[in-house]
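Engineer: The following block contains the structure, expressed as C-alpha cells.
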Amino acid sequence: MPTNHYPSLFQPGRIGKVTARNRLVMPPMATNYGGEDGEVTDRMIRYYEERAKGGTGVIIVENAQVDYPTGKNVVRQHRIDNDKFVPGLRLLATAIKRHGAVALQQIHHAGRQTTPAITEGRVPVAPSPVPCRFLGVQPRELTGEEIDTLINKFAEAAARAKLAGFDGIELHGAHGYLIGQFMSPYTNRRVDQYGGTLEARLRFPLEIIRRTREKVGDDFIIGFRFSADEFIPGGLTLEEARQIAARLQQAGVDVLHVSAGIYESMDRVLEPMSYPEGWRVYLAEAIKQAVTIPVITVGVIRTPEMADRIIAEGKADFVAVGRGHITDAEFALKAATGHADRINRCISCNIGCVGNGIFASSIMRCTVNPAVGMEELLGTIPPAPHRVKVVVVGGGPAGMEAARIAAMRGHDVVLFEKSDRLGGQMLLAALPPHKDKINWFTDFLTRELALFRVRVFTGRNVSAEDVLREQPAAVIVATGAVPAVPDIPGVDGPRVFQAWDVLAGTKQVDGQRVVIIGGGQVGCETAEFLAERGKQVTILEMLQDLALDMEPINRLDMLGRFKRLGINGLTGVTATSITDSTVRTIDRHLQTASFPADAVVLAVGATPVNDLALDLAGRVGEVYVIGDAVRPRRIMEAAQEGALAAYSIAEAHKWLSPLSPAHATV
Ligand SMILES: Cc1cc2nc3c(=O)[nH]c(=O)nc-3n(C[C@H](O)[C@H](O)[C@H](O)COP(=O)(O)O)c2cc1C
C-alpha cells in the first residue's frame, strides 16, 4: 500500500523474520463470537477478514484458550487446546493472510480472573490463592505438577497455531491473567521455584517461551504482551517491567506488546471516556529503551496522526489501535488514501464491545458501528436493488445512520430535523464532564451525510403532509423522544427543570441546593455537570444503586469522581412531592424524609414521539419507525435500527415480483 500519507506509520516493519506491510496493529480483543464448543465461527472469520482487507499490518486474533474450561474467561471464547480446532483456525489465519496482514494468535489462560459460571463449574486456579476483588472470586493454588502441565499446554497451543498457518503467537502475559499472575508480586506469593525473586516469578513465562521455541522453531513469531504497570499497590511497576522486558528479549521473544493494568485496575486496561488519547505511550517508550526488539504501544490511540507521530518520534515501533478497529475496519485504508477524516473513531463508551460482549454472555457489538458482528449482512454496503426517494424524519443517531446507509446504497435521501443542528440527544449526551468524545460520532455522521449528498434540512418540524409532498417511496420515522414527567405533586412548579434543558443550557438553575429526581445515567451525569459548576447536589434514586443502566467501567469512573465533587446519592427512595423549598421522599421501610431544594431536576426517562408514523400509515409504500421513537434506548440501538431500516428499503420488491424492474436491475 504505497502512500504519501503518514509515512512513519505506513512504512513496513519487521517482527522476527516476518515483514509487516505497515506499523499498524489490531490488538487482540475478545469478541464472544466463538462457537458453542469453542470452534472458530463464520462470524469470527468475517469480522477479522474485514479488518485485514482494511489494510492493517498485523492482526492479533483474540485470546484463545489453552486449557479448557478452567482457563476460560469469556463465555464464547475460542479454543486452541486440541488438534480438532486446527481446521477452523486455519480458515481464520487464511482469511487474514490472504489480504496481506500478518496473522498472530494470542494464547491465554485466565487464572484467577474468571468465574465458575464461565469455567463450567471449575474452581479458578492461580499461582497463589489471592482473591480477585473485581470478580469476587477465590482461586485455588496450582501445584508444581499442574504448573508443568500448563507450560506444556501453552507450548502445544503455539504449535497448533503454527500448524494452522499463523505467522506467530502472542503470549498473554498482560491484564492480570495467569502468566501475569506469576510475574506479579501482587498475585504470586509462592515460596517454591515459581515465586519470590523476580527471576523465580519469571520462571513460568520463561519456561513457556523455551518450550514453545523448541516446538515452533526460529521462523515463527513469539510475541509477549504484558502490563508494564499494573496500577495496583504491590503490583508490577514500570521499573520492574523494564527488567522483565530485557529478560524476555534474552529468552528469545520477538516482539513486546506493552499494555497496562489488571482486573482490579480495569480502567487502565479498557479506558473509559475520561482518559486522554495516548496517555500510556510513555510505558512503551520506557520499555523500548530497555530492549532492541520491536515494541508495540496501545491505549486510546484514535487517529493516524497520533500513531504516525509515535513511530516518528521513536516511542514505539508499532502502534496498536484496538477499539478503533472495531469502530472502523478500514482505519488503515482511509488513513493511507488521505481520507483520515472519514475514520469512524471509537468514543470509549465500552457499551457494545465490553458491556455487551466480554462482560456479558452476548456478542460483541459497537455503538458507532452497527456492522460489527454482522459483517456478513452489513460489512460491505451493497447497492440497492433500485434507487428510490427516501425521507428520514429526525436527525439523531437513528435518523442519521439510516440516512447515511440509505444514501450509500444509492437512494435519494432527504433528512428533516426539527432543531437547528444534527445530532439529537447525542448533543446532550456529550455535555456532561468527560463525554465530549460522543461528538466524534455526531461529526462523523454529519460529514458522511454531506459526502453522500443527503439533503439535510434543519429547523423543519414536518407534518405527514410535508413528507408526502416529497413523494417518497420510503419514510424513516426517527423522531426520538421527549423527557418523561413523573406523576408527583408539585412537578409543574417554577423551579422544576428537565435534565435535558439543564444540560442544553436552555434553562438556568438558580440557587445552590439542587435535588435530582432519578439516579440513572442521565441523572448522575447531570449531577456531575451541576456539581462542577459549584452546585450542592443530592440525587434521589428508587433503585438500590446509582447509574445501574451504565456500562460498568465508565460507571465506576464516574462514581469515583462523585466524592471529590461532594455529590450526595441516595438510593432506595421515591420522591413523593415537591414544594417551594423541599422534595419529600419515602423509602421502602416507609420512612419519610425531606430534602431542601432551591431547584429540582427531573431525570426519570423519556417518552417516545412517533405520531408521524401513525399519520403516514397506509399512505406511503414503506414506513419504518426506529430508535427512541419506538422505545427510548441507547445510541447503539438507535444506530443499529437505522442501519437495518436503510438496508431493508426497496429490498422487498426483489422477492415480491421476479419480473419487477427492481429484479431486473439486480
Ligand atoms: C472488547 C475487548 C476485548 C478485549 N480482549 C482482549 C484480549 O482478548 N486480549 C488482550 O490482550 N487484550 C484484550 N483487550 C484489550 C485491547 O487489546 C486493548 O489493549 C485495549 O482495548 C486498549 O486499547 P484501545 O484503546 O486501542 O482499544 C480487549 C479490549 C476490548 C475492548
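Please note that chains go A, B, ... in the order of the C-alpha cells, that every chain numbers its residues from 1, and that ligands are numbered from 1 in the order shown.
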Please build the interface table for chain A against ligand 1 with a cut-off of 8 Å, listing for each qualifying residue the nearest atom pair and the distance in Å to one decimal; count only C-alpha atoms and all ligand atoms, order rows by chain and increasing number, and write it as a tab-separated table.

Structural biologist:
residue	atom	partner	partner_atom_place_in_ligand_line	distance
A:Met26	CA	ligand 1	17 (O)	7.8
A:Pro27	CA	ligand 1	17 (O)	4.5
A:Pro28	CA	ligand 1	9 (N)	4.5
A:Met29	CA	ligand 1	5 (N)	3.3
A:Ala30	CA	ligand 1	5 (N)	3.9
A:Thr31	CA	ligand 1	1 (C)	6.1
A:Val61	CA	ligand 1	8 (O)	7.8
A:Glu62	CA	ligand 1	8 (O)	4.3
A:Asn63	CA	ligand 1	8 (O)	4.2
A:Ala64	CA	ligand 1	8 (O)	7.8
A:Gln106	CA	ligand 1	9 (N)	7.1
A:His172	CA	ligand 1	11 (O)	5.8
A:Gly173	CA	ligand 1	11 (O)	8.0
A:Ala174	CA	ligand 1	11 (O)	6.3
A:His175	CA	ligand 1	11 (O)	7.0
A:Arg225	CA	ligand 1	11 (O)	6.7
A:Ser259	CA	ligand 1	19 (O)	6.1
A:Ala260	CA	ligand 1	19 (O)	7.9
A:Val269	CA	ligand 1	20 (C)	5.9
A:Leu270	CA	ligand 1	20 (C)	5.1
A:Glu271	CA	ligand 1	25 (O)	6.4
A:Val298	CA	ligand 1	23 (O)	5.3
A:Gly299	CA	ligand 1	23 (O)	3.8
A:Val300	CA	ligand 1	25 (O)	3.4
A:Ile301	CA	ligand 1	26 (O)	5.4
A:Arg302	CA	ligand 1	26 (O)	7.0
A:Ala320	CA	ligand 1	26 (O)	6.2
A:Val321	CA	ligand 1	26 (O)	4.1
A:Gly322	CA	ligand 1	26 (O)	3.4
A:Arg323	CA	ligand 1	27 (O)	3.7
A:Gly324	CA	ligand 1	26 (O)	5.9
A:His325	CA	ligand 1	26 (O)	7.9
A:Cys346	CA	ligand 1	27 (O)	8.0
A:Ser348	CA	ligand 1	25 (O)	7.3
A:Asn350	CA	ligand 1	31 (C)	6.6
A:Gly352	CA	ligand 1	1 (C)	8.0
A:Cys353	CA	ligand 1	1 (C)	4.2
A:Val354	CA	ligand 1	1 (C)	4.5
A:Gly357	CA	ligand 1	1 (C)	6.2
A:Ile358	CA	ligand 1	1 (C)	5.8
A:Met364	CA	ligand 1	1 (C)	6.7

Engineer: Write down as a ChimeraX atom specification the residues of stretch 10-163 of chain A whose backbone DSSP state falls under strand (DSSP E or B).

Structural biologist: /A:13-15,18-20,24-26,58-65,79,102-108,125-126,132,137,140-141

Engineer: I'd like to know which residues of stretch 339-425 of chain A are alpha helix (DSSP H) (by DSSP, run on the backbone); could you write them as JSON, numbers by chain?

Structural biologist: {"A": [397, 398, 399, 400, 401, 402, 403, 404, 405, 406, 407, 408, 425]}

Engineer: Please, could you write that set of residues out with C-alpha atoms as an mmCIF file, in the first residue's frame?

Structural biologist:
data_model
loop_
_atom_site.group_PDB
_atom_site.id
_atom_site.type_symbol
_atom_site.label_atom_id
_atom_site.label_comp_id
_atom_site.auth_asym_id
_atom_site.auth_seq_id
_atom_site.Cartn_x
_atom_site.Cartn_y
_atom_site.Cartn_z
ATOM 1 C CA PRO A 397 -28.232 8.805 15.711
ATOM 2 C CA ALA A 398 -31.046 6.613 14.351
ATOM 3 C CA GLY A 399 -32.061 9.004 11.594
ATOM 4 C CA MET A 400 -28.525 9.973 10.669
ATOM 5 C CA GLU A 401 -27.313 6.387 10.441
ATOM 6 C CA ALA A 402 -30.383 5.423 8.409
ATOM 7 C CA ALA A 403 -29.788 8.349 6.052
ATOM 8 C CA ARG A 404 -26.091 7.520 5.743
ATOM 9 C CA ILE A 405 -26.611 3.880 4.822
ATOM 10 C CA ALA A 406 -29.573 4.606 2.547
ATOM 11 C CA ALA A 407 -27.527 7.217 0.679
ATOM 12 C CA MET A 408 -24.509 4.905 0.463
ATOM 13 C CA GLN A 425 -29.739 13.509 22.054
#

Engineer: Using only C-alpha atoms, find the one residue out of A:Gly71, A:Pro7, A:Pro87, A:Gly534 that sits nearest to A:Glu39.

Structural biologist: A:Pro87

Engineer: At a cut-off of 12 Å, using only C-alpha atoms, what residues contact A:Ile311? Leave out same-chain residues fewer than 4 positions from it and give the result as a PyMOL selection string.

Structural biologist: chain A and resi 6-13+22-24+281+284-285+288+294-297+304-307+315-320

Engineer: Enumerate, in order of chain and increasing residue number, the residues of stretch 282-374 of chain A with an atom no farther than 6 Å from stretch 231-253 of chain A, each with its shortest atom pair and distance in Å to one decimal, counting only C-alpha atoms, as JSON lines.

Structural biologist:
{"residue": "A:Ile287", "atom": "CA", "partner": "A:Arg242", "partner_atom": "CA", "distance": 5.4}
{"residue": "A:Ala290", "atom": "CA", "partner": "A:Arg242", "partner_atom": "CA", "distance": 5.9}
{"residue": "A:Val291", "atom": "CA", "partner": "A:Ala246", "partner_atom": "CA", "distance": 5.6}

Engineer: With C-alpha atoms retained, write the just-selected residues as a short mmCIF file (atom, residue, chain, number, x, y, z; two decimals), in the first residue's frame.

Structural biologist:
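File selection.cif, as written:
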data_model
loop_
_atom_site.label_atom_id
_atom_site.label_comp_id
_atom_site.auth_asym_id
_atom_site.auth_seq_id
_atom_site.Cartn_x
_atom_site.Cartn_y
_atom_site.Cartn_z
CA ILE A 287 10.28 -0.37 27.67
CA ALA A 290 15.40 -1.37 27.72
CA VAL A 291 15.35 -3.65 24.62
#

Engineer: Rounded to one decimal, what separation in Å do you get between atom CA of A:Gln138 and atom CA of A:Ala126?

Structural biologist: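 Between atom CA of A:Gln138 and atom CA of A:Ala126 the gap works out to 9.4 Å.
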
Engineer: Excluding stretch 466-478 of chain A and any residue of its chain fewer than 6 positions from it, enumerate the residues within 9 Å of it, using only C-alpha atoms, and give them as a ChimeraX atom specification.

Structural biologist: /A:388-400,402-403,414,609-610,612-613,616,619-630,638,642,645-646,649-650

Engineer: Could you take the residues named above and write them with N, CA and C atoms, as an mmCIF file, in the first residue's frame?

Structural biologist:
data_model
loop_
_atom_site.group_PDB
_atom_site.id
_atom_site.type_symbol
_atom_site.label_atom_id
_atom_site.label_comp_id
_atom_site.auth_asym_id
_atom_site.auth_seq_id
_atom_site.Cartn_x
_atom_site.Cartn_y
_atom_site.Cartn_z
ATOM 1 N N VAL A 388 -34.629 4.684 -4.873
ATOM 2 C CA VAL A 388 -35.918 5.289 -4.550
ATOM 3 C C VAL A 388 -35.692 6.566 -3.738
ATOM 4 N N LYS A 389 -36.767 7.335 -3.621
ATOM 5 C CA LYS A 389 -36.709 8.539 -2.800
ATOM 6 C C LYS A 389 -37.010 8.139 -1.353
ATOM 7 N N VAL A 390 -36.136 8.552 -0.440
ATOM 8 C CA VAL A 390 -36.300 8.209 0.973
ATOM 9 C C VAL A 390 -36.361 9.504 1.781
ATOM 10 N N VAL A 391 -37.359 9.603 2.651
ATOM 11 C CA VAL A 391 -37.407 10.734 3.571
ATOM 12 C C VAL A 391 -37.129 10.225 4.978
ATOM 13 N N VAL A 392 -36.149 10.825 5.632
ATOM 14 C CA VAL A 392 -35.850 10.493 7.019
ATOM 15 C C VAL A 392 -36.296 11.675 7.868
ATOM 16 N N VAL A 393 -37.073 11.392 8.891
ATOM 17 C CA VAL A 393 -37.510 12.477 9.772
ATOM 18 C C VAL A 393 -36.846 12.285 11.131
ATOM 19 N N GLY A 394 -35.962 13.193 11.472
ATOM 20 C CA GLY A 394 -35.234 13.106 12.740
ATOM 21 C C GLY A 394 -33.750 12.946 12.498
ATOM 22 N N GLY A 395 -32.965 13.863 13.060
ATOM 23 C CA GLY A 395 -31.519 13.851 12.830
ATOM 24 C C GLY A 395 -30.717 13.477 14.049
ATOM 25 N N GLY A 396 -31.218 12.512 14.825
ATOM 26 C CA GLY A 396 -30.425 11.914 15.910
ATOM 27 C C GLY A 396 -29.643 10.742 15.342
ATOM 28 N N PRO A 397 -29.055 9.902 16.220
ATOM 29 C CA PRO A 397 -28.232 8.805 15.711
ATOM 30 C C PRO A 397 -29.001 7.822 14.829
ATOM 31 N N ALA A 398 -30.269 7.562 15.156
ATOM 32 C CA ALA A 398 -31.046 6.613 14.351
ATOM 33 C C ALA A 398 -31.272 7.176 12.947
ATOM 34 N N GLY A 399 -31.761 8.399 12.888
ATOM 35 C CA GLY A 399 -32.061 9.004 11.594
ATOM 36 C C GLY A 399 -30.812 9.237 10.765
ATOM 37 N N MET A 400 -29.761 9.690 11.418
ATOM 38 C CA MET A 400 -28.525 9.973 10.669
ATOM 39 C C MET A 400 -27.913 8.690 10.115
ATOM 40 N N ALA A 402 -29.493 5.915 9.470
ATOM 41 C CA ALA A 402 -30.383 5.423 8.409
ATOM 42 C C ALA A 402 -30.121 6.200 7.123
ATOM 43 N N ALA A 403 -30.010 7.524 7.234
ATOM 44 C CA ALA A 403 -29.788 8.349 6.052
ATOM 45 C C ALA A 403 -28.438 8.024 5.417
ATOM 46 N N VAL A 414 -33.572 12.543 1.721
ATOM 47 C CA VAL A 414 -33.811 13.859 2.316
ATOM 48 C C VAL A 414 -33.979 13.649 3.812
ATOM 49 N N VAL A 609 -41.747 9.666 20.767
ATOM 50 C CA VAL A 609 -42.555 10.568 19.935
ATOM 51 C C VAL A 609 -42.675 9.908 18.566
ATOM 52 N N ASN A 610 -43.867 9.460 18.195
ATOM 53 C CA ASN A 610 -43.991 8.766 16.908
ATOM 54 C C ASN A 610 -45.329 9.004 16.210
ATOM 55 N N LEU A 612 -46.074 10.863 13.888
ATOM 56 C CA LEU A 612 -45.922 10.973 12.438
ATOM 57 C C LEU A 612 -46.123 9.614 11.754
ATOM 58 N N ALA A 613 -45.620 8.571 12.406
ATOM 59 C CA ALA A 613 -45.740 7.235 11.812
ATOM 60 C C ALA A 613 -47.213 6.858 11.660
ATOM 61 N N LEU A 616 -48.789 8.631 8.805
ATOM 62 C CA LEU A 616 -48.338 8.195 7.477
ATOM 63 C C LEU A 616 -48.799 6.785 7.123
ATOM 64 N N ARG A 619 -50.170 5.415 3.741
ATOM 65 C CA ARG A 619 -50.100 6.489 2.728
ATOM 66 C C ARG A 619 -48.760 6.499 1.987
ATOM 67 N N VAL A 620 -47.817 5.664 2.451
ATOM 68 C CA VAL A 620 -46.501 5.565 1.809
ATOM 69 C C VAL A 620 -46.174 4.078 1.677
ATOM 70 N N GLY A 621 -45.427 3.731 0.627
ATOM 71 C CA GLY A 621 -45.093 2.325 0.386
ATOM 72 C C GLY A 621 -44.431 1.664 1.581
ATOM 73 N N GLU A 622 -43.401 2.307 2.116
ATOM 74 C CA GLU A 622 -42.680 1.716 3.246
ATOM 75 C C GLU A 622 -42.513 2.761 4.342
ATOM 76 N N VAL A 623 -42.897 2.403 5.562
ATOM 77 C CA VAL A 623 -42.677 3.291 6.705
ATOM 78 C C VAL A 623 -41.928 2.497 7.776
ATOM 79 N N TYR A 624 -40.829 3.043 8.229
ATOM 80 C CA TYR A 624 -40.052 2.408 9.303
ATOM 81 C C TYR A 624 -40.030 3.344 10.510
ATOM 82 N N VAL A 625 -40.241 2.794 11.690
ATOM 83 C CA VAL A 625 -40.110 3.591 12.916
ATOM 84 C C VAL A 625 -38.906 3.020 13.664
ATOM 85 N N ILE A 626 -37.977 3.884 14.008
ATOM 86 C CA ILE A 626 -36.723 3.379 14.593
ATOM 87 C C ILE A 626 -36.278 4.227 15.789
ATOM 88 N N GLY A 627 -35.337 3.661 16.557
ATOM 89 C CA GLY A 627 -34.695 4.396 17.649
ATOM 90 C C GLY A 627 -35.642 4.693 18.797
ATOM 91 N N ASP A 628 -35.416 5.828 19.440
ATOM 92 C CA ASP A 628 -36.219 6.187 20.610
ATOM 93 C C ASP A 628 -37.690 6.384 20.272
ATOM 94 N N ALA A 629 -37.989 6.626 19.001
ATOM 95 C CA ALA A 629 -39.394 6.770 18.604
ATOM 96 C C ALA A 629 -40.152 5.461 18.855
ATOM 97 N N VAL A 630 -39.406 4.349 18.906
ATOM 98 C CA VAL A 630 -40.027 3.060 19.243
ATOM 99 C C VAL A 630 -40.036 2.912 20.768
ATOM 100 N N ALA A 638 -30.181 2.737 18.574
ATOM 101 C CA ALA A 638 -30.689 3.690 17.584
ATOM 102 C C ALA A 638 -29.955 3.519 16.253
ATOM 103 N N GLY A 642 -31.282 2.125 12.662
ATOM 104 C CA GLY A 642 -31.155 2.994 11.492
ATOM 105 C C GLY A 642 -30.528 2.232 10.331
ATOM 106 N N ALA A 645 -32.938 -0.507 8.951
ATOM 107 C CA ALA A 645 -34.036 0.054 8.159
ATOM 108 C C ALA A 645 -33.521 0.440 6.776
ATOM 109 N N ALA A 646 -32.341 1.072 6.748
ATOM 110 C CA ALA A 646 -31.784 1.510 5.467
ATOM 111 C C ALA A 646 -31.471 0.320 4.561
ATOM 112 N N ILE A 649 -34.896 -0.997 2.806
ATOM 113 C CA ILE A 649 -35.643 -0.190 1.828
ATOM 114 C C ILE A 649 -35.541 -0.789 0.427
ATOM 115 N N ALA A 650 -36.678 -0.938 -0.188
ATOM 116 C CA ALA A 650 -36.793 -1.416 -1.573
ATOM 117 C C ALA A 650 -36.370 -2.871 -1.760
#

Engineer: Tell me, as a PyMOL selection string, which residues lie within 9 Å of A:Thr576, counting only C-alpha atoms; anything in the same chain fewer than 4 positions away does not count.

Structural biologist: chain A and resi 487-489+583-586

Engineer: Give me the residues within 10 Å of stretch 272-275 of chain A as an mmCIF file with N, CA and C atoms, in the first residue's frame, counting only C-alpha atoms and dropping any in the same chain fewer than 3 places off.

Structural biologist:
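This is the output file result.cif:
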data_model
loop_
_atom_site.group_PDB
_atom_site.id
_atom_site.type_symbol
_atom_site.label_atom_id
_atom_site.label_comp_id
_atom_site.auth_asym_id
_atom_site.auth_seq_id
_atom_site.Cartn_x
_atom_site.Cartn_y
_atom_site.Cartn_z
ATOM 1 N N MET A 266 -9.124 -2.023 36.253
ATOM 2 C CA MET A 266 -9.728 -2.225 34.928
ATOM 3 C C MET A 266 -9.759 -0.968 34.061
ATOM 4 N N ASP A 267 -9.873 0.199 34.726
ATOM 5 C CA ASP A 267 -9.925 1.432 33.926
ATOM 6 C C ASP A 267 -8.621 1.691 33.181
ATOM 7 N N ARG A 268 -7.532 0.996 33.557
ATOM 8 C CA ARG A 268 -6.265 1.152 32.830
ATOM 9 C C ARG A 268 -6.162 0.138 31.691
ATOM 10 N N VAL A 269 -6.986 -0.912 31.744
ATOM 11 C CA VAL A 269 -6.965 -1.937 30.691
ATOM 12 C C VAL A 269 -7.872 -1.496 29.547
ATOM 13 N N GLY A 278 -3.769 8.473 23.933
ATOM 14 C CA GLY A 278 -2.344 8.152 24.000
ATOM 15 C C GLY A 278 -1.700 8.296 25.367
ATOM 16 N N TRP A 279 -2.492 8.254 26.436
ATOM 17 C CA TRP A 279 -1.962 8.551 27.774
ATOM 18 C C TRP A 279 -0.887 7.570 28.229
ATOM 19 N N ARG A 280 -0.867 6.341 27.664
ATOM 20 C CA ARG A 280 0.118 5.378 28.192
ATOM 21 C C ARG A 280 1.242 5.032 27.214
ATOM 22 N N GLY A 299 -3.472 1.838 23.565
ATOM 23 C CA GLY A 299 -4.279 2.533 24.569
ATOM 24 C C GLY A 299 -4.777 3.887 24.106
ATOM 25 N N VAL A 300 -6.050 3.940 23.752
ATOM 26 C CA VAL A 300 -6.739 5.183 23.352
ATOM 27 C C VAL A 300 -5.975 5.935 22.257
ATOM 28 N N CYS A 346 -13.492 5.452 17.746
ATOM 29 C CA CYS A 346 -14.092 4.877 18.959
ATOM 30 C C CYS A 346 -14.269 5.977 20.008
ATOM 31 N N ILE A 347 -15.449 5.993 20.633
ATOM 32 C CA ILE A 347 -15.733 7.015 21.649
ATOM 33 C C ILE A 347 -15.494 6.495 23.076
ATOM 34 N N SER A 348 -14.933 5.283 23.201
ATOM 35 C CA SER A 348 -14.602 4.675 24.513
ATOM 36 C C SER A 348 -15.827 4.466 25.406
ATOM 37 N N CYS A 349 -16.978 4.258 24.816
ATOM 38 C CA CYS A 349 -18.168 4.051 25.656
ATOM 39 C C CYS A 349 -18.153 2.656 26.274
ATOM 40 N N ASN A 350 -17.458 1.702 25.609
ATOM 41 C CA ASN A 350 -17.339 0.320 26.098
ATOM 42 C C ASN A 350 -18.679 -0.413 26.168
ATOM 43 N N PRO A 433 -19.353 16.201 32.027
ATOM 44 C CA PRO A 433 -17.888 16.127 32.037
ATOM 45 C C PRO A 433 -17.351 14.836 31.407
ATOM 46 N N HIS A 434 -16.286 14.944 30.667
ATOM 47 C CA HIS A 434 -15.534 13.820 30.079
ATOM 48 C C HIS A 434 -16.294 13.077 28.991
ATOM 49 N N LYS A 435 -17.357 13.655 28.457
ATOM 50 C CA LYS A 435 -18.127 12.901 27.470
ATOM 51 C C LYS A 435 -18.042 13.488 26.065
ATOM 52 N N ASP A 436 -17.100 14.387 25.875
ATOM 53 C CA ASP A 436 -17.037 15.065 24.579
ATOM 54 C C ASP A 436 -16.708 14.131 23.414
ATOM 55 N N LYS A 437 -16.157 12.927 23.695
ATOM 56 C CA LYS A 437 -15.831 12.020 22.579
ATOM 57 C C LYS A 437 -17.096 11.644 21.794
ATOM 58 N N ILE A 438 -18.258 11.759 22.430
ATOM 59 C CA ILE A 438 -19.505 11.441 21.718
ATOM 60 C C ILE A 438 -19.681 12.353 20.501
ATOM 61 N N GLU A 551 -22.662 1.286 31.520
ATOM 62 C CA GLU A 551 -21.597 0.298 31.309
ATOM 63 C C GLU A 551 -20.664 0.372 32.528
ATOM 64 N N PRO A 552 -20.222 -0.782 33.079
ATOM 65 C CA PRO A 552 -19.546 -0.788 34.379
ATOM 66 C C PRO A 552 -18.270 0.041 34.497
ATOM 67 N N ILE A 553 -17.427 0.054 33.483
ATOM 68 C CA ILE A 553 -16.140 0.755 33.649
ATOM 69 C C ILE A 553 -16.360 2.264 33.659
ATOM 70 N N ASN A 554 -17.182 2.753 32.741
ATOM 71 C CA ASN A 554 -17.488 4.184 32.743
ATOM 72 C C ASN A 554 -18.254 4.571 34.004
ATOM 73 N N ARG A 555 -19.094 3.660 34.481
ATOM 74 C CA ARG A 555 -19.880 3.937 35.691
ATOM 75 C C ARG A 555 -18.962 4.123 36.900
ATOM 76 N N LEU A 556 -18.025 3.162 37.091
ATOM 77 C CA LEU A 556 -17.124 3.251 38.247
ATOM 78 C C LEU A 556 -16.259 4.505 38.148
ATOM 79 N N ASP A 557 -15.860 4.830 36.940
ATOM 80 C CA ASP A 557 -15.034 6.026 36.723
ATOM 81 C C ASP A 557 -15.817 7.275 37.161
ATOM 82 N N MET A 558 -17.084 7.331 36.757
ATOM 83 C CA MET A 558 -17.909 8.495 37.113
ATOM 84 C C MET A 558 -18.170 8.533 38.625
#

Engineer: Tell me which protein, DNA and RNA residues are within 8 Å of A:Ala531, counting only C-alpha atoms, leaving out same-chain ones fewer than 5 positions away, and put them as a PyMOL selection string.

Structural biologist: chain A and resi 536-537+565-567

Engineer: Name the closest residue to A:Ser184 among the candidates A:Gln105, A:Thr197, A:Gln498, A:Ser463; distances are taken between atoms, counting only C-alpha atoms.

Structural biologist: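 Looking at the shortest contact to A:Ser184, the residue is A:Thr197.
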
Engineer: Quick one: of A:Ala429, A:Lys418, A:Ala606, A:Val601, who's nearest to A:Ala484, counting only C-alpha atoms?

Structural biologist: A:Ala606

Engineer: Would you mind reading off the distance between atom CA of A:Thr337 and atom CA of A:Arg51, one decimal, in Å?

Structural biologist: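 A separation of 15.9 Å between them.
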
Engineer: Could you give me, as JSON lines, every stretch 262-372 of chain A residue with an atom at most 10 Å from stretch 75-81 of chain A, plus its closest atom pair and distance in Å to one decimal, counting only C-alpha atoms, rows ordered by chain then number?

Structural biologist:
{"residue": "A:Gly357", "atom": "CA", "partner": "A:Val75", "partner_atom": "CA", "distance": 9.3}
{"residue": "A:Ile358", "atom": "CA", "partner": "A:Val75", "partner_atom": "CA", "distance": 7.8}
{"residue": "A:Phe359", "atom": "CA", "partner": "A:Val75", "partner_atom": "CA", "distance": 8.9}
{"residue": "A:Ala360", "atom": "CA", "partner": "A:Val75", "partner_atom": "CA", "distance": 8.0}
{"residue": "A:Ser361", "atom": "CA", "partner": "A:Val75", "partner_atom": "CA", "distance": 5.9}
{"residue": "A:Ser362", "atom": "CA", "partner": "A:Val75", "partner_atom": "CA", "distance": 8.5}
{"residue": "A:Ile363", "atom": "CA", "partner": "A:Arg76", "partner_atom": "CA", "distance": 8.3}
